[in-house]
Amino acid sequence: MDPALEKLVILQDRDACILSLKKEIDRLPSERKLRESKFQKLEADLQVARSRSKEIEVEKKTLQVEAESRRSQVLRYRTQQMQTRKNEEYAALSHEISVAEKAIASLEDREIALMEEAEALEPKISAAMGAYQAGKRQIEGELQALDSREQNIRDQIAGLEKEREGLVAGIEKNYLALYERIFRSKGGSAIVAVQGNICSGCNMKMPDQTAAKVAGSAYLVHCPNCGRILLPQD
Ligand SMILES: [Zn+2]
């Protein structure tokens with residue numbers, strides 16, 4: 001085989017590795033995003049579980065304030081009752097007191113119902129909290145693994161690029177430029193094997209003449225169809 005071609009084949013192998021490692025890095029942001037949206041879902045589930053319980057707390061406070069104001073109303077009415085000498089006014093105040101006491105009783109009933117509802121919610125909230133914490137730990141672990149995978153890939157790329165510099169130094173400039181142009185335009189395959197007169201880059205059969213040239217020549221032969229550099233069969 002042409003020694004220049006031999007060097008280009010090694011270069012292509014390293015370039016293909018670099019290309020596939022770079023593609024892997026390009027996939028990392030979407031891998032991270034996937035984890036982040038999983039985490040957001042867990043947070044949202046937890047919030048849903050907690051939101052009813054918060055509503056209950058707010059309503060309970062409102063009920064307590066109202067009950068308190070009704071209780072002071074009753075106290076005021078009772079004081080007024082002690083001060084009055086008019087039977088009619090006394091009776092009217094008694095009526096007001098009984099209205100207020102009924103209202104207080106119904107506020108207290110509502111408060112008890114809310115407390116029961118809050119109690120029933122507790123297991124659901126702690127289940128959501130457990131799922132959230134376990135999910136958070138897992139996702140954080142996965143994100144860390146992605147970070148170290150990225151570091152690992154970047155190290156590999158740096159190593160390959162260093163090796164590439166050494167290889168490139170030994171390749172004639174015209175050959176290198178030609179190879180690089182085809183490598184870029186053909187998505188990472190510049191040099192391809194010929195198998196049974198078929199170019200494995202474009203899968204087209206080539207004339208016997210071209211195949212013969214590939215087998216025996218000391219210079220680079222291109223596929224007449226796709227332009228890739230052809231590698232003789234072993
Ligand atoms: Zn071809």
# chains A, B, ... in the order shown; residues from 1 in each chain; ligands from 1
>>> residues_near_ligand(ligand="ligand 1", cutoff="10 Å", atoms="only C-alpha atoms and all ligand atoms", output="PyMOL selection string")
chain A and resi 190-194+198-206+222-230
>>> write_last_selection(atoms="C-alpha atoms", output="PDB file, in the first residue's frame")
ATOM      1  CA  ALA A 190     -12.807   9.882   3.204  1.00  0.00           C
ATOM      2  CA  ILE A 191     -11.042   6.563   2.659  1.00  0.00           C
ATOM      3  CA  VAL A 192     -13.179   3.502   2.013  1.00  0.00           C
ATOM      4  CA  ALA A 193     -12.548  -0.110   1.085  1.00  0.00           C
ATOM      5  CA  VAL A 194     -13.322  -1.663  -2.273  1.00  0.00           C
ATOM      6  CA  ILE A 198     -17.954  -2.023  -5.081  1.00  0.00           C
ATOM      7  CA  CYS A 199     -17.100   1.208  -3.275  1.00  0.00           C
ATOM      8  CA  SER A 200     -18.162   0.724   0.350  1.00  0.00           C
ATOM      9  CA  GLY A 201     -18.682   4.491   0.641  1.00  0.00           C
ATOM     10  CA  CYS A 202     -21.442   4.847  -1.942  1.00  0.00           C
ATOM     11  CA  ASN A 203     -22.143   1.157  -2.734  1.00  0.00           C
ATOM     12  CA  MET A 204     -21.687   1.709  -6.470  1.00  0.00           C
ATOM     13  CA  LYS A 205     -19.928  -0.794  -8.693  1.00  0.00           C
ATOM     14  CA  MET A 206     -16.881   0.656 -10.402  1.00  0.00           C
ATOM     15  CA  HIS A 222     -10.823   8.020  -6.183  1.00  0.00           C
ATOM     16  CA  CYS A 223     -14.213   6.401  -6.565  1.00  0.00           C
ATOM     17  CA  PRO A 224     -15.531   7.712  -9.898  1.00  0.00           C
ATOM     18  CA  ASN A 225     -18.974   8.053  -8.343  1.00  0.00           C
ATOM     19  CA  CYS A 226     -18.526   9.611  -4.877  1.00  0.00           C
ATOM     20  CA  GLY A 227     -14.924  10.830  -5.033  1.00  0.00           C
ATOM     21  CA  ARG A 228     -13.785   9.034  -1.888  1.00  0.00           C
ATOM     22  CA  ILE A 229     -10.259   7.663  -1.748  1.00  0.00           C
ATOM     23  CA  LEU A 230     -10.299   3.924  -2.369  1.00  0.00           C
TER      24      LEU A 230
END
>>> residues_around(residues="region 11-20 of chain A", least_positions_apart="5", cutoff="12 Å", atoms="only C-alpha atoms", output="PyMOL selection string")
chain A and resi 4-6+25-27+153-171+175-176+179-180+182-184+186-192+229
>>> write_last_selection(atoms="N, CA and C atoms", output="short mmCIF file (atom, residue, chain, number, x, y, z; two decimals), in the first residue's frame")
data_model
loop_
_atom_site.label_atom_id
_atom_site.label_comp_id
_atom_site.auth_asym_id
_atom_site.auth_seq_id
_atom_site.Cartn_x
_atom_site.Cartn_y
_atom_site.Cartn_z
N ALA A 4 1.72 6.85 2.06
CA ALA A 4 0.92 8.04 2.38
C ALA A 4 -0.51 7.63 2.71
N LEU A 5 -1.02 6.67 1.93
CA LEU A 5 -2.38 6.18 2.15
C LEU A 5 -2.49 5.50 3.52
N GLU A 6 -1.43 4.78 3.86
CA GLU A 6 -1.40 4.09 5.14
C GLU A 6 -1.53 5.10 6.30
N ILE A 25 -20.59 14.46 23.02
CA ILE A 25 -20.66 15.69 23.81
C ILE A 25 -21.88 16.53 23.42
N ASP A 26 -22.18 16.54 22.12
CA ASP A 26 -23.35 17.30 21.66
C ASP A 26 -24.65 16.76 22.24
N ARG A 27 -24.64 15.45 22.55
CA ARG A 27 -25.87 14.85 23.09
C ARG A 27 -26.04 15.13 24.59
N ILE A 153 -14.61 12.34 28.17
CA ILE A 153 -14.62 12.47 26.71
C ILE A 153 -13.68 13.58 26.26
N ARG A 154 -13.72 14.71 27.01
CA ARG A 154 -12.85 15.83 26.64
C ARG A 154 -11.37 15.44 26.75
N ASP A 155 -11.05 14.65 27.78
CA ASP A 155 -9.67 14.17 27.93
C ASP A 155 -9.28 13.28 26.76
N GLN A 156 -10.22 12.38 26.38
CA GLN A 156 -9.92 11.49 25.25
C GLN A 156 -9.69 12.28 23.97
N ILE A 157 -10.56 13.30 23.76
CA ILE A 157 -10.42 14.13 22.55
C ILE A 157 -9.06 14.84 22.57
N ALA A 158 -8.69 15.38 23.73
CA ALA A 158 -7.41 16.09 23.84
C ALA A 158 -6.26 15.14 23.49
N GLY A 159 -6.34 13.89 23.99
CA GLY A 159 -5.30 12.91 23.71
C GLY A 159 -5.22 12.59 22.23
N LEU A 160 -6.41 12.39 21.62
CA LEU A 160 -6.45 12.07 20.19
C LEU A 160 -5.96 13.23 19.34
N GLU A 161 -6.30 14.46 19.76
CA GLU A 161 -5.87 15.61 18.97
C GLU A 161 -4.35 15.79 19.03
N LYS A 162 -3.79 15.45 20.17
CA LYS A 162 -2.34 15.52 20.31
C LYS A 162 -1.70 14.49 19.37
N GLU A 163 -2.27 13.29 19.40
CA GLU A 163 -1.75 12.22 18.53
C GLU A 163 -1.89 12.62 17.06
N ARG A 164 -3.01 13.29 16.77
CA ARG A 164 -3.29 13.73 15.40
C ARG A 164 -2.21 14.70 14.89
N GLU A 165 -1.83 15.63 15.79
CA GLU A 165 -0.78 16.58 15.41
C GLU A 165 0.47 15.87 14.93
N GLY A 166 0.85 14.80 15.68
CA GLY A 166 2.03 14.03 15.30
C GLY A 166 1.86 13.35 13.95
N LEU A 167 0.66 12.78 13.72
CA LEU A 167 0.39 12.08 12.46
C LEU A 167 0.41 13.05 11.28
N VAL A 168 -0.24 14.19 11.46
CA VAL A 168 -0.36 15.18 10.40
C VAL A 168 1.01 15.69 9.96
N ALA A 169 1.92 15.82 10.93
CA ALA A 169 3.27 16.31 10.64
C ALA A 169 3.98 15.42 9.62
N GLY A 170 3.59 14.13 9.58
CA GLY A 170 4.26 13.22 8.65
C GLY A 170 3.54 13.03 7.33
N ILE A 171 2.50 13.80 7.09
CA ILE A 171 1.72 13.63 5.84
C ILE A 171 1.91 14.83 4.93
N TYR A 175 -1.89 15.93 0.14
CA TYR A 175 -2.66 14.73 0.51
C TYR A 175 -3.57 15.03 1.68
N LEU A 176 -3.01 15.74 2.64
CA LEU A 176 -3.75 16.05 3.87
C LEU A 176 -4.96 16.93 3.54
N TYR A 179 -7.57 14.84 1.75
CA TYR A 179 -8.24 13.94 2.71
C TYR A 179 -9.23 14.73 3.58
N GLU A 180 -8.74 15.87 4.09
CA GLU A 180 -9.61 16.63 5.02
C GLU A 180 -10.86 17.16 4.32
N ILE A 182 -12.42 15.76 1.77
CA ILE A 182 -13.38 14.65 1.57
C ILE A 182 -13.97 14.20 2.91
N PHE A 183 -13.14 14.16 3.95
CA PHE A 183 -13.62 13.73 5.28
C PHE A 183 -14.78 14.62 5.73
N ARG A 184 -14.62 15.94 5.54
CA ARG A 184 -15.68 16.88 5.94
C ARG A 184 -16.92 16.73 5.08
N LYS A 186 -17.92 14.25 3.27
CA LYS A 186 -18.58 12.93 3.27
C LYS A 186 -18.89 12.44 4.69
N GLY A 187 -19.04 13.39 5.59
CA GLY A 187 -19.50 13.05 6.94
C GLY A 187 -18.61 12.05 7.66
N GLY A 188 -17.30 12.18 7.50
CA GLY A 188 -16.39 11.36 8.31
C GLY A 188 -15.91 10.09 7.64
N SER A 189 -16.12 9.93 6.32
CA SER A 189 -15.48 8.79 5.65
C SER A 189 -14.85 9.25 4.34
N ALA A 190 -13.54 9.41 4.38
CA ALA A 190 -12.81 9.88 3.20
C ALA A 190 -12.16 8.72 2.48
N ILE A 191 -11.74 7.72 3.25
CA ILE A 191 -11.04 6.56 2.66
C ILE A 191 -11.91 5.33 2.91
N VAL A 192 -12.28 4.65 1.84
CA VAL A 192 -13.18 3.50 2.01
C VAL A 192 -12.62 2.29 1.26
N ILE A 229 -11.52 8.35 -1.46
CA ILE A 229 -10.26 7.66 -1.75
C ILE A 229 -10.48 6.17 -1.52
#
>>> select_by_dssp(residues="region 71-210 of chain A", states="strand (DSSP E)", output="CSV table (one decimal) with C-alpha atoms, in the first residue's frame")
chain,number,residue,atom,x,y,z
A,191,ILE,CA,-11.0,6.6,2.7
A,192,VAL,CA,-13.2,3.5,2.0
A,193,ALA,CA,-12.5,-0.1,1.1
A,194,VAL,CA,-13.3,-1.7,-2.3
A,195,GLN,CA,-15.1,-4.9,-2.0
A,198,ILE,CA,-18.0,-2.0,-5.1
A,199,CYS,CA,-17.1,1.2,-3.3
>>> residues_around(residues="Leu63 (chain A)", least_positions_apart="3", cutoff="7 Å", atoms="only C-alpha atoms", output="PyMOL selection string")
chain A and resi 59-60+66-67+107+111
>>> closest_residue(among="A:Gln64, A:Ala215, A:Ser51, A:Glu172", to="Ser106 (chain A)", atoms="only C-alpha atoms")
A:Gln64
>>> residues_around(residues="region 127-139 of chain A", least_positions_apart="2", cutoff="8 Å", atoms="only C-alpha atoms", output="JSON, numbers by chain")
{"A": [35, 36, 39, 42, 43, 45, 46, 49, 123, 124, 125, 141, 142, 143]}
>>> write_last_selection(atoms="N, CA and C atoms", output="PDB file, in the first residue's frame")
ATOM      1  N   ARG A  35     -32.988  15.108  32.616  1.00  0.00           N
ATOM      2  CA  ARG A  35     -32.938  14.958  34.081  1.00  0.00           C
ATOM      3  C   ARG A  35     -33.574  16.157  34.763  1.00  0.00           C
ATOM      4  N   GLU A  36     -33.280  17.358  34.219  1.00  0.00           N
ATOM      5  CA  GLU A  36     -33.827  18.557  34.851  1.00  0.00           C
ATOM      6  C   GLU A  36     -35.350  18.581  34.769  1.00  0.00           C
ATOM      7  N   PHE A  39     -36.787  16.275  37.316  1.00  0.00           N
ATOM      8  CA  PHE A  39     -36.717  16.891  38.635  1.00  0.00           C
ATOM      9  C   PHE A  39     -37.855  17.905  38.816  1.00  0.00           C
ATOM     10  N   LEU A  42     -41.031  16.148  39.627  1.00  0.00           N
ATOM     11  CA  LEU A  42     -41.086  15.738  41.032  1.00  0.00           C
ATOM     12  C   LEU A  42     -41.458  16.909  41.934  1.00  0.00           C
ATOM     13  N   GLU A  43     -40.859  18.072  41.635  1.00  0.00           N
ATOM     14  CA  GLU A  43     -41.149  19.269  42.416  1.00  0.00           C
ATOM     15  C   GLU A  43     -42.620  19.659  42.289  1.00  0.00           C
ATOM     16  N   ASP A  45     -45.134  17.662  41.515  1.00  0.00           N
ATOM     17  CA  ASP A  45     -45.972  16.676  42.212  1.00  0.00           C
ATOM     18  C   ASP A  45     -46.017  16.971  43.706  1.00  0.00           C
ATOM     19  N   LEU A  46     -44.866  17.320  44.243  1.00  0.00           N
ATOM     20  CA  LEU A  46     -44.790  17.624  45.672  1.00  0.00           C
ATOM     21  C   LEU A  46     -45.627  18.868  45.989  1.00  0.00           C
ATOM     22  N   ALA A  49     -49.284  18.085  46.096  1.00  0.00           N
ATOM     23  CA  ALA A  49     -49.642  17.403  47.337  1.00  0.00           C
ATOM     24  C   ALA A  49     -49.709  18.386  48.510  1.00  0.00           C
ATOM     25  N   PRO A 123     -50.218  11.327  54.862  1.00  0.00           N
ATOM     26  CA  PRO A 123     -49.480  10.231  54.220  1.00  0.00           C
ATOM     27  C   PRO A 123     -49.178  10.503  52.743  1.00  0.00           C
ATOM     28  N   LYS A 124     -50.129  11.191  52.073  1.00  0.00           N
ATOM     29  CA  LYS A 124     -49.904  11.504  50.650  1.00  0.00           C
ATOM     30  C   LYS A 124     -48.733  12.472  50.498  1.00  0.00           C
ATOM     31  N   ILE A 125     -48.701  13.451  51.416  1.00  0.00           N
ATOM     32  CA  ILE A 125     -47.615  14.439  51.334  1.00  0.00           C
ATOM     33  C   ILE A 125     -46.272  13.765  51.629  1.00  0.00           C
ATOM     34  N   GLY A 141     -27.133  12.210  41.158  1.00  0.00           N
ATOM     35  CA  GLY A 141     -26.101  11.224  40.832  1.00  0.00           C
ATOM     36  C   GLY A 141     -25.899  11.105  39.335  1.00  0.00           C
ATOM     37  N   GLU A 142     -27.032  11.088  38.601  1.00  0.00           N
ATOM     38  CA  GLU A 142     -26.938  10.965  37.143  1.00  0.00           C
ATOM     39  C   GLU A 142     -26.284  12.187  36.517  1.00  0.00           C
ATOM     40  N   LEU A 143     -26.621  13.377  37.062  1.00  0.00           N
ATOM     41  CA  LEU A 143     -26.009  14.597  36.525  1.00  0.00           C
ATOM     42  C   LEU A 143     -24.503  14.618  36.781  1.00  0.00           C
TER      43      LEU A 143
END
>>> closest_residue(among="A:Arg181, A:Met1, A:Ser72, A:Glu119", to="Gln233 (chain A)", atoms="only C-alpha atoms")
A:Met1
>>> closest_residue(among="A:Leu178, A:Met115, A:Val221, A:Ile97", to="Lys61 (chain A)", atoms="only C-alpha atoms")
A:Met115
>>> closest_residue(among="A:Gln83, A:Val74, A:Lys23, A:Gly196", to="Val99 (chain A)", atoms="only C-alpha atoms")
A:Val74
>>> atom_distance(atom1="CA of Glu101 (chain A)", atom2="CA of Asn87 (chain A)")
20.8 Å
>>> decode(residues="region 210-228 of chain A", atoms="N, CA and C atoms", output="PDB file, in the first residue's frame")
ATOM      1  N   THR A 210     -10.826   0.811 -12.868  1.00  0.00           N
ATOM      2  CA  THR A 210     -10.609   1.552 -11.616  1.00  0.00           C
ATOM      3  C   THR A 210     -10.187   0.589 -10.512  1.00  0.00           C
ATOM      4  N   ALA A 211     -10.897  -0.550 -10.451  1.00  0.00           N
ATOM      5  CA  ALA A 211     -10.585  -1.537  -9.415  1.00  0.00           C
ATOM      6  C   ALA A 211      -9.142  -2.023  -9.552  1.00  0.00           C
ATOM      7  N   ALA A 212      -8.724  -2.200 -10.776  1.00  0.00           N
ATOM      8  CA  ALA A 212      -7.359  -2.673 -11.013  1.00  0.00           C
ATOM      9  C   ALA A 212      -6.348  -1.623 -10.560  1.00  0.00           C
ATOM     10  N   LYS A 213      -6.693  -0.347 -10.825  1.00  0.00           N
ATOM     11  CA  LYS A 213      -5.807   0.745 -10.421  1.00  0.00           C
ATOM     12  C   LYS A 213      -5.652   0.774  -8.906  1.00  0.00           C
ATOM     13  N   VAL A 214      -6.778   0.571  -8.221  1.00  0.00           N
ATOM     14  CA  VAL A 214      -6.752   0.601  -6.751  1.00  0.00           C
ATOM     15  C   VAL A 214      -5.809  -0.478  -6.231  1.00  0.00           C
ATOM     16  N   ALA A 215      -5.920  -1.660  -6.838  1.00  0.00           N
ATOM     17  CA  ALA A 215      -5.126  -2.793  -6.355  1.00  0.00           C
ATOM     18  C   ALA A 215      -3.639  -2.593  -6.580  1.00  0.00           C
ATOM     19  N   GLY A 216      -3.311  -1.989  -7.707  1.00  0.00           N
ATOM     20  CA  GLY A 216      -1.898  -2.007  -8.043  1.00  0.00           C
ATOM     21  C   GLY A 216      -1.157  -0.692  -7.989  1.00  0.00           C
ATOM     22  N   SER A 217      -1.865   0.427  -7.721  1.00  0.00           N
ATOM     23  CA  SER A 217      -1.163   1.686  -7.938  1.00  0.00           C
ATOM     24  C   SER A 217      -0.460   2.219  -6.701  1.00  0.00           C
ATOM     25  N   ALA A 218       0.481   3.096  -6.969  1.00  0.00           N
ATOM     26  CA  ALA A 218       1.246   3.703  -5.879  1.00  0.00           C
ATOM     27  C   ALA A 218       0.738   5.107  -5.593  1.00  0.00           C
ATOM     28  N   TYR A 219      -0.365   5.486  -6.230  1.00  0.00           N
ATOM     29  CA  TYR A 219      -0.937   6.805  -5.931  1.00  0.00           C
ATOM     30  C   TYR A 219      -2.415   6.650  -5.553  1.00  0.00           C
ATOM     31  N   LEU A 220      -3.016   7.748  -5.082  1.00  0.00           N
ATOM     32  CA  LEU A 220      -4.406   7.671  -4.591  1.00  0.00           C
ATOM     33  C   LEU A 220      -5.386   7.569  -5.749  1.00  0.00           C
ATOM     34  N   VAL A 221      -6.332   6.627  -5.592  1.00  0.00           N
ATOM     35  CA  VAL A 221      -7.378   6.467  -6.610  1.00  0.00           C
ATOM     36  C   VAL A 221      -8.717   6.824  -5.961  1.00  0.00           C
ATOM     37  N   HIS A 222      -9.516   7.612  -6.723  1.00  0.00           N
ATOM     38  CA  HIS A 222     -10.823   8.020  -6.183  1.00  0.00           C
ATOM     39  C   HIS A 222     -11.945   7.203  -6.789  1.00  0.00           C
ATOM     40  N   CYS A 223     -13.013   7.046  -6.021  1.00  0.00           N
ATOM     41  CA  CYS A 223     -14.213   6.401  -6.565  1.00  0.00           C
ATOM     42  C   CYS A 223     -14.773   7.334  -7.629  1.00  0.00           C
ATOM     43  N   PRO A 224     -15.031   6.819  -8.845  1.00  0.00           N
ATOM     44  CA  PRO A 224     -15.531   7.712  -9.898  1.00  0.00           C
ATOM     45  C   PRO A 224     -16.923   8.263  -9.576  1.00  0.00           C
ATOM     46  N   ASN A 225     -17.621   7.589  -8.674  1.00  0.00           N
ATOM     47  CA  ASN A 225     -18.974   8.053  -8.343  1.00  0.00           C
ATOM     48  C   ASN A 225     -18.995   9.070  -7.198  1.00  0.00           C
ATOM     49  N   CYS A 226     -18.388   8.725  -6.055  1.00  0.00           N
ATOM     50  CA  CYS A 226     -18.526   9.611  -4.877  1.00  0.00           C
ATOM     51  C   CYS A 226     -17.251  10.405  -4.582  1.00  0.00           C
ATOM     52  N   GLY A 227     -16.152  10.061  -5.218  1.00  0.00           N
ATOM     53  CA  GLY A 227     -14.924  10.830  -5.033  1.00  0.00           C
ATOM     54  C   GLY A 227     -14.112  10.438  -3.813  1.00  0.00           C
ATOM     55  N   ARG A 228     -14.579   9.453  -3.050  1.00  0.00           N
ATOM     56  CA  ARG A 228     -13.785   9.034  -1.888  1.00  0.00           C
ATOM     57  C   ARG A 228     -12.511   8.334  -2.337  1.00  0.00           C
TER      58      ARG A 228
END
